[in-house]
$ cat query-v6.cif   # mmCIF, C-alpha atoms
data_coords
#
loop_
_atom_site.label_atom_id
_atom_site.label_comp_id
_atom_site.auth_asym_id
_atom_site.auth_seq_id
_atom_site.Cartn_x
_atom_site.Cartn_y
_atom_site.Cartn_z
CA GLY A 1004 12.11 -27.81 -7.46
CA GLU A 1005 13.54 -25.21 -9.80
CA ASN A 1006 17.14 -24.08 -9.44
CA VAL A 1007 18.41 -20.91 -11.13
CA GLU A 1008 22.10 -20.19 -11.51
CA GLN A 1009 23.28 -16.76 -12.65
CA HIS A 1010 26.70 -15.56 -13.71
CA PRO A 1011 28.79 -13.55 -13.53
CA SER A 1012 28.16 -12.15 -10.07
CA THR A 1013 29.89 -8.90 -11.03
CA LEU A 1014 30.50 -7.34 -14.43
CA SER A 1015 32.36 -4.16 -15.25
CA VAL A 1016 32.26 -2.65 -18.74
CA GLN A 1017 33.19 0.60 -20.42
CA GLU A 1018 30.42 2.90 -21.52
CA GLY A 1019 29.32 1.94 -25.01
CA ASP A 1020 30.38 -1.70 -24.71
CA SER A 1021 27.97 -4.62 -24.55
CA ALA A 1022 27.14 -6.63 -21.43
CA VAL A 1023 25.91 -10.22 -21.31
CA ILE A 1024 24.48 -11.98 -18.25
CA LYS A 1025 23.66 -15.68 -18.35
CA CYS A 1026 21.29 -17.87 -16.37
CA THR A 1027 20.60 -21.57 -16.33
CA TYR A 1028 17.53 -23.30 -14.95
CA SER A 1029 16.73 -26.88 -14.08
CA ASP A 1030 12.98 -27.39 -14.58
CA SER A 1031 12.18 -28.25 -18.18
CA ALA A 1032 8.54 -27.27 -17.53
CA SER A 1033 9.49 -23.63 -16.97
CA ASN A 1034 8.02 -21.35 -19.63
CA TYR A 1035 8.46 -17.79 -18.41
CA PHE A 1036 11.76 -15.98 -17.87
CA PRO A 1037 11.76 -12.40 -16.60
CA TRP A 1038 14.71 -10.12 -15.95
CA TYR A 1039 14.59 -7.51 -13.19
CA LYS A 1040 16.82 -4.48 -12.62
CA GLN A 1041 17.38 -3.26 -9.07
CA GLU A 1042 19.20 -0.01 -8.37
CA LEU A 1043 20.77 0.46 -4.98
CA GLY A 1044 18.09 0.82 -2.31
CA LYS A 1045 15.30 0.65 -4.87
CA ARG A 1046 12.65 -1.87 -5.82
CA PRO A 1047 13.24 -4.54 -8.50
CA GLN A 1048 11.72 -3.50 -11.82
CA LEU A 1049 10.93 -5.77 -14.76
CA ILE A 1050 12.95 -4.78 -17.81
CA ILE A 1051 12.16 -7.62 -20.19
CA ASP A 1052 10.68 -11.11 -20.17
CA ILE A 1053 10.45 -14.00 -22.58
CA ARG A 1054 8.11 -16.93 -22.88
CA SER A 1055 9.08 -20.33 -24.15
CA ASN A 1056 7.40 -20.03 -27.52
CA VAL A 1057 10.03 -17.54 -28.73
CA GLY A 1058 13.83 -17.72 -28.81
CA GLU A 1059 14.67 -14.03 -28.69
CA LYS A 1060 13.02 -10.79 -27.73
CA LYS A 1061 14.37 -7.24 -28.13
CA ASP A 1062 13.43 -3.92 -26.63
CA GLN A 1063 15.69 -1.09 -27.78
CA ARG A 1064 19.12 -1.71 -26.23
CA ILE A 1065 18.18 -4.84 -24.33
CA ALA A 1066 17.48 -8.32 -25.60
CA VAL A 1067 16.89 -11.72 -24.08
CA THR A 1068 17.66 -15.05 -25.73
CA LEU A 1069 16.33 -18.43 -24.67
CA ASN A 1070 17.70 -21.88 -25.40
CA LYS A 1071 15.20 -24.41 -24.05
CA THR A 1072 17.26 -27.41 -25.09
CA ALA A 1073 20.21 -26.25 -23.04
CA LYS A 1074 17.98 -24.66 -20.38
CA HIS A 1075 19.65 -21.31 -20.40
CA PHE A 1076 18.68 -17.74 -21.13
CA SER A 1077 20.74 -14.59 -21.42
CA LEU A 1078 20.33 -10.84 -21.10
CA HIS A 1079 22.16 -8.67 -23.61
CA ILE A 1080 22.62 -4.93 -23.14
CA THR A 1081 24.17 -3.02 -26.02
CA GLU A 1082 25.67 0.48 -26.03
CA THR A 1083 25.79 0.48 -22.24
CA GLN A 1084 25.32 3.75 -20.38
CA PRO A 1085 26.21 4.70 -16.79
CA GLU A 1086 22.52 4.57 -15.86
CA ASP A 1087 22.55 0.86 -16.70
CA SER A 1088 24.65 0.33 -13.56
CA ALA A 1089 22.54 -1.79 -11.20
CA VAL A 1090 22.00 -5.36 -10.03
CA TYR A 1091 20.20 -7.55 -12.54
CA PHE A 1092 18.24 -10.66 -11.55
CA CYS A 1093 16.95 -13.44 -13.74
CA ALA A 1094 14.05 -15.62 -12.61
CA SER A 1095 12.16 -18.75 -13.56
CA PRO A 1096 8.96 -20.36 -12.25
CA ASN A 1097 9.17 -23.25 -9.80
CA TYR A 1098 6.62 -25.75 -11.00
CA GLY A 1099 7.84 -28.21 -8.42
CA GLY A 1100 6.00 -26.05 -5.93
CA SER A 1101 2.25 -25.88 -5.83
CA GLN A 1102 1.83 -22.55 -7.57
CA GLY A 1103 4.79 -21.92 -9.83
CA ASN A 1104 6.57 -19.29 -7.74
CA LEU A 1105 9.37 -17.28 -9.29
CA ILE A 1106 12.84 -18.43 -8.28
CA PHE A 1107 15.45 -15.67 -8.63
CA GLY A 1108 19.13 -15.93 -9.42
CA LYS A 1109 21.63 -14.40 -7.02
CA GLY A 1110 22.08 -11.33 -9.18
CA THR A 1111 24.76 -9.68 -11.30
CA LYS A 1112 26.15 -6.32 -10.27
CA LEU A 1113 26.80 -4.40 -13.47
CA SER A 1114 29.08 -1.37 -13.36
CA VAL A 1115 29.33 0.83 -16.45
CA LYS A 1116 32.37 3.08 -16.37
CA PRO A 1117 32.07 6.43 -18.16
CA GLY B 742 -1.66 5.53 -10.72
CA ALA B 743 0.02 4.56 -7.49
CA GLY B 744 2.34 1.59 -7.46
CA VAL B 745 2.86 -0.93 -4.69
CA SER B 746 3.60 0.76 -1.39
CA GLN B 747 5.03 -0.68 1.81
CA SER B 748 5.35 0.61 5.33
CA PRO B 749 7.37 1.18 7.31
CA ARG B 750 10.35 1.59 4.99
CA TYR B 751 12.75 0.89 7.83
CA LYS B 752 12.21 -1.02 11.04
CA VAL B 753 14.64 -1.65 13.85
CA ALA B 754 13.56 -4.25 16.37
CA LYS B 755 15.16 -5.71 19.43
CA ARG B 756 15.56 -9.44 19.41
CA GLY B 757 12.38 -11.06 20.64
CA GLN B 758 10.05 -8.23 19.58
CA ASP B 759 7.11 -8.78 17.24
CA VAL B 760 6.91 -6.73 14.04
CA ALA B 761 4.20 -6.11 11.45
CA LEU B 762 4.98 -5.08 7.89
CA ARG B 763 2.31 -3.66 5.63
CA CYS B 764 1.84 -3.93 1.88
CA ASP B 765 -0.61 -1.93 -0.25
CA PRO B 766 -0.77 -3.58 -3.67
CA ILE B 767 -1.89 -1.95 -6.87
CA SER B 768 -5.67 -1.59 -6.78
CA GLY B 769 -7.43 -4.50 -8.46
CA HIS B 770 -4.45 -6.81 -8.48
CA VAL B 771 -5.47 -10.35 -7.68
CA SER B 772 -2.08 -11.82 -6.80
CA LEU B 773 0.14 -10.72 -3.94
CA PHE B 774 3.55 -12.11 -3.07
CA TRP B 775 5.94 -11.63 -0.18
CA TYR B 776 9.69 -12.09 -0.65
CA GLN B 777 12.68 -11.89 1.65
CA GLN B 778 15.87 -10.38 0.22
CA ALA B 779 19.06 -10.83 2.19
CA LEU B 780 21.98 -8.50 1.51
CA GLY B 781 23.59 -9.29 -1.82
CA GLN B 782 21.05 -11.97 -2.71
CA GLY B 783 18.03 -12.31 -4.94
CA PRO B 784 14.49 -12.18 -3.55
CA GLU B 785 13.34 -15.45 -2.01
CA PHE B 786 9.67 -16.41 -2.05
CA LEU B 787 7.80 -16.45 1.25
CA THR B 788 4.09 -16.67 0.52
CA TYR B 789 1.40 -16.08 -2.11
CA PHE B 790 -2.19 -14.77 -1.93
CA GLN B 791 -4.86 -14.95 -4.57
CA ASN B 792 -7.33 -12.32 -3.38
CA GLU B 793 -7.85 -13.12 0.31
CA ALA B 794 -6.82 -16.78 0.05
CA GLN B 795 -3.30 -17.72 1.08
CA LEU B 796 -2.62 -20.44 -1.47
CA ASP B 797 1.06 -21.01 -0.82
CA LYS B 798 3.09 -20.44 2.31
CA SER B 799 5.82 -22.93 1.53
CA GLY B 800 8.55 -20.27 1.71
CA LEU B 801 7.86 -19.07 5.24
CA PRO B 802 11.03 -19.97 7.17
CA SER B 803 9.39 -20.78 10.49
CA ASP B 804 6.10 -20.67 12.35
CA ARG B 805 7.15 -17.26 13.67
CA PHE B 806 6.18 -15.84 10.28
CA PHE B 807 2.53 -15.19 9.54
CA ALA B 808 0.84 -13.33 6.70
CA GLU B 809 -2.72 -12.29 6.01
CA ARG B 810 -4.76 -10.43 3.40
CA PRO B 811 -8.23 -10.46 4.96
CA GLU B 812 -10.08 -8.33 2.41
CA GLY B 813 -8.07 -9.23 -0.64
CA SER B 814 -6.20 -5.94 -0.84
CA VAL B 815 -3.82 -4.80 1.93
CA SER B 816 -1.56 -7.51 3.32
CA THR B 817 0.40 -7.74 6.55
CA LEU B 818 3.45 -9.88 7.21
CA LYS B 819 3.98 -10.48 10.90
CA ILE B 820 7.13 -11.84 12.45
CA GLN B 821 6.95 -12.95 16.07
CA ARG B 822 9.88 -13.10 18.45
CA THR B 823 12.29 -11.67 15.89
CA GLN B 824 15.78 -13.13 15.60
CA GLN B 825 18.92 -11.61 14.12
CA GLU B 826 18.69 -13.91 11.12
CA ASP B 827 15.37 -12.25 10.25
CA SER B 828 17.26 -9.08 9.29
CA ALA B 829 16.60 -8.52 5.59
CA VAL B 830 14.57 -6.46 3.16
CA TYR B 831 11.00 -7.72 2.89
CA LEU B 832 9.52 -7.10 -0.53
CA CYS B 833 5.90 -7.24 -1.53
CA ALA B 834 4.81 -7.66 -5.13
CA SER B 835 1.45 -7.74 -6.85
CA SER B 836 0.26 -8.82 -10.26
CA LEU B 837 -2.98 -8.33 -12.11
CA ARG B 838 -4.14 -11.89 -12.60
CA ALA B 839 -4.15 -15.10 -10.66
CA ARG B 840 -1.03 -17.17 -11.07
CA THR B 841 -3.02 -19.97 -12.68
CA SER B 842 -3.79 -17.60 -15.56
CA GLY B 843 -0.18 -17.75 -16.59
CA HIS B 844 2.71 -15.67 -15.42
CA ASN B 845 2.35 -11.94 -15.66
CA GLU B 846 4.47 -9.04 -14.49
CA GLN B 847 5.02 -8.74 -10.77
CA PHE B 848 5.21 -5.13 -9.59
CA PHE B 849 7.39 -4.73 -6.54
CA GLY B 850 7.08 -2.35 -3.64
CA PRO B 851 10.11 -0.48 -2.25
CA GLY B 852 10.52 -2.97 0.56
CA THR B 853 10.85 -2.76 4.33
CA ARG B 854 14.38 -3.03 5.64
CA LEU B 855 14.20 -4.91 8.94
CA THR B 856 17.16 -4.83 11.29
CA VAL B 857 17.03 -7.01 14.38
CA LEU B 858 19.50 -6.05 17.08
#
$ encode --input "query-v6.cif" --output "structure tokens"
Amino acid sequence: GENVEQHPSTLSVQEGDSAVIKCTYSDSASNYFPWYKQELGKRPQLIIDIRSNVGEKKDQRIAVTLNKTAKHFSLHITETQPEDSAVYFCASPNYGGSQGNLIFGKGTKLSVKP
Amino acid sequence: GAGVSQSPRYKVAKRGQDVALRCDPISGHVSLFWYQQALGQGPEFLTYFQNEAQLDKSGLPSDRFFAERPEGSVSTLKIQRTQQEDSAVYLCASSLRARTSGHNEQFFGPGTRLTVL
């Protein structure tokens, strides 16, 4: 089945700097890669996703890049703000299972210092 | 419109008790998922419903876990004879289409934090 590795587990940046979180996956059949943001005690919320027919997708200060050959995808946050502080999860479908469930990484705790 | 809601938000159970966790998905959403999130970890898949049909329960950790969605809307996750290792946040998510229609956004509920003493 699919295996998703995420790093770093913690990331601390100064306000205004960029942050990059990387994930690798194992199943070459995977074709959908969402990123979720979870604030403390809150629900995970989708912030951006990418499908395998594109290599990069941007939405204001966030972007996701995908390298299918290397089986990795990354989240980029530019001009970080204190409200970006949260835990970020990447995910990938598990086509080894019967229904392509999402497999989540272990998360990256991002702290943005003002 | 209302998002995914879950109740109760917090549940404390004594070891050996049965618990029932409720999920109200977004109206009209075909797919419903249950996840278990341990402290400091990502959500882990438990089970999947397409309307009222439970198509995948491969993530349920033991036969003490049971889920249903009898009318294709509200779902209940039941845990029998709770153990300390069941302590976690249980998240429900729904999405508009069936999973076989291609992946689409999963909307999560706020979760139920279960503590087993």
$ resolve_selection --input "query-v6.cif" --expression "the PyMOL selection byres ((chain B and resi 815-827) around 6)" --output "number ranges by chain"
B: 756-765, 805-810, 814, 828, 857
$ resolve_selection --input "query-v6.cif" --expression "the PyMOL selection byres ((chain B) within 12 of (chain A))" --output "PyMOL selection string"
chain B and resi 744-747+750-751+772-791+795-800+830-834+836+839-854
$ atom_distance --input "query-v6.cif" --atom1 "atom CA of Ser1029 of chain A" --atom2 "atom CA of His1079 of chain A"
21.3 Å
$ atom_distance --input "query-v6.cif" --atom1 "atom CA of Thr1013 of chain A" --atom2 "atom CA of Lys1060 of chain A"
23.8 Å
$ atom_distance --input "query-v6.cif" --atom1 "atom CA of Thr1072 of chain A" --atom2 "atom CA of Val1023 of chain A"
19.6 Å
$ resolve_selection --input "query-v6.cif" --expression "the PyMOL selection byres ((chain A and resi 1085) around 7)" --output "ChimeraX atom specification"
/A:1018,1083-1084,1086-1088,1115-1117
$ build_atoms --input "query-v6.cif" --residues "segment 1065-1077 of chain A" --atoms "N, CA and C atoms" --output "CSV table (one decimal), in the coordinates of the input"
chain,number,residue,atom,x,y,z
A,1065,ILE,N,18.1,-3.6,-25.1
A,1065,ILE,CA,18.2,-4.8,-24.3
A,1065,ILE,C,17.5,-6.0,-25.1
A,1066,ALA,N,18.0,-7.1,-24.9
A,1066,ALA,CA,17.5,-8.3,-25.6
A,1066,ALA,C,17.6,-9.5,-24.7
A,1067,VAL,N,16.8,-10.5,-24.8
A,1067,VAL,CA,16.9,-11.7,-24.1
A,1067,VAL,C,16.8,-12.9,-25.1
A,1068,THR,N,17.7,-13.9,-24.9
A,1068,THR,CA,17.7,-15.0,-25.7
A,1068,THR,C,17.4,-16.3,-24.9
A,1069,LEU,N,16.7,-17.2,-25.4
A,1069,LEU,CA,16.3,-18.4,-24.7
A,1069,LEU,C,16.7,-19.7,-25.5
A,1070,ASN,N,17.4,-20.6,-24.8
A,1070,ASN,CA,17.7,-21.9,-25.4
A,1070,ASN,C,17.1,-23.0,-24.5
A,1071,LYS,N,15.9,-23.5,-24.9
A,1071,LYS,CA,15.2,-24.4,-24.0
A,1071,LYS,C,15.9,-25.8,-24.0
A,1072,THR,N,16.6,-26.1,-25.1
A,1072,THR,CA,17.3,-27.4,-25.1
A,1072,THR,C,18.4,-27.4,-24.0
A,1073,ALA,N,19.1,-26.4,-24.0
A,1073,ALA,CA,20.2,-26.2,-23.0
A,1073,ALA,C,19.8,-25.7,-21.7
A,1074,LYS,N,18.5,-25.2,-21.6
A,1074,LYS,CA,18.0,-24.7,-20.4
A,1074,LYS,C,18.8,-23.5,-19.9
A,1075,HIS,N,19.0,-22.5,-20.8
A,1075,HIS,CA,19.6,-21.3,-20.4
A,1075,HIS,C,19.1,-20.1,-21.2
A,1076,PHE,N,19.2,-19.0,-20.5
A,1076,PHE,CA,18.7,-17.7,-21.1
A,1076,PHE,C,19.6,-16.6,-20.7
A,1077,SER,N,19.7,-15.6,-21.6
A,1077,SER,CA,20.7,-14.6,-21.4
A,1077,SER,C,20.1,-13.2,-21.6
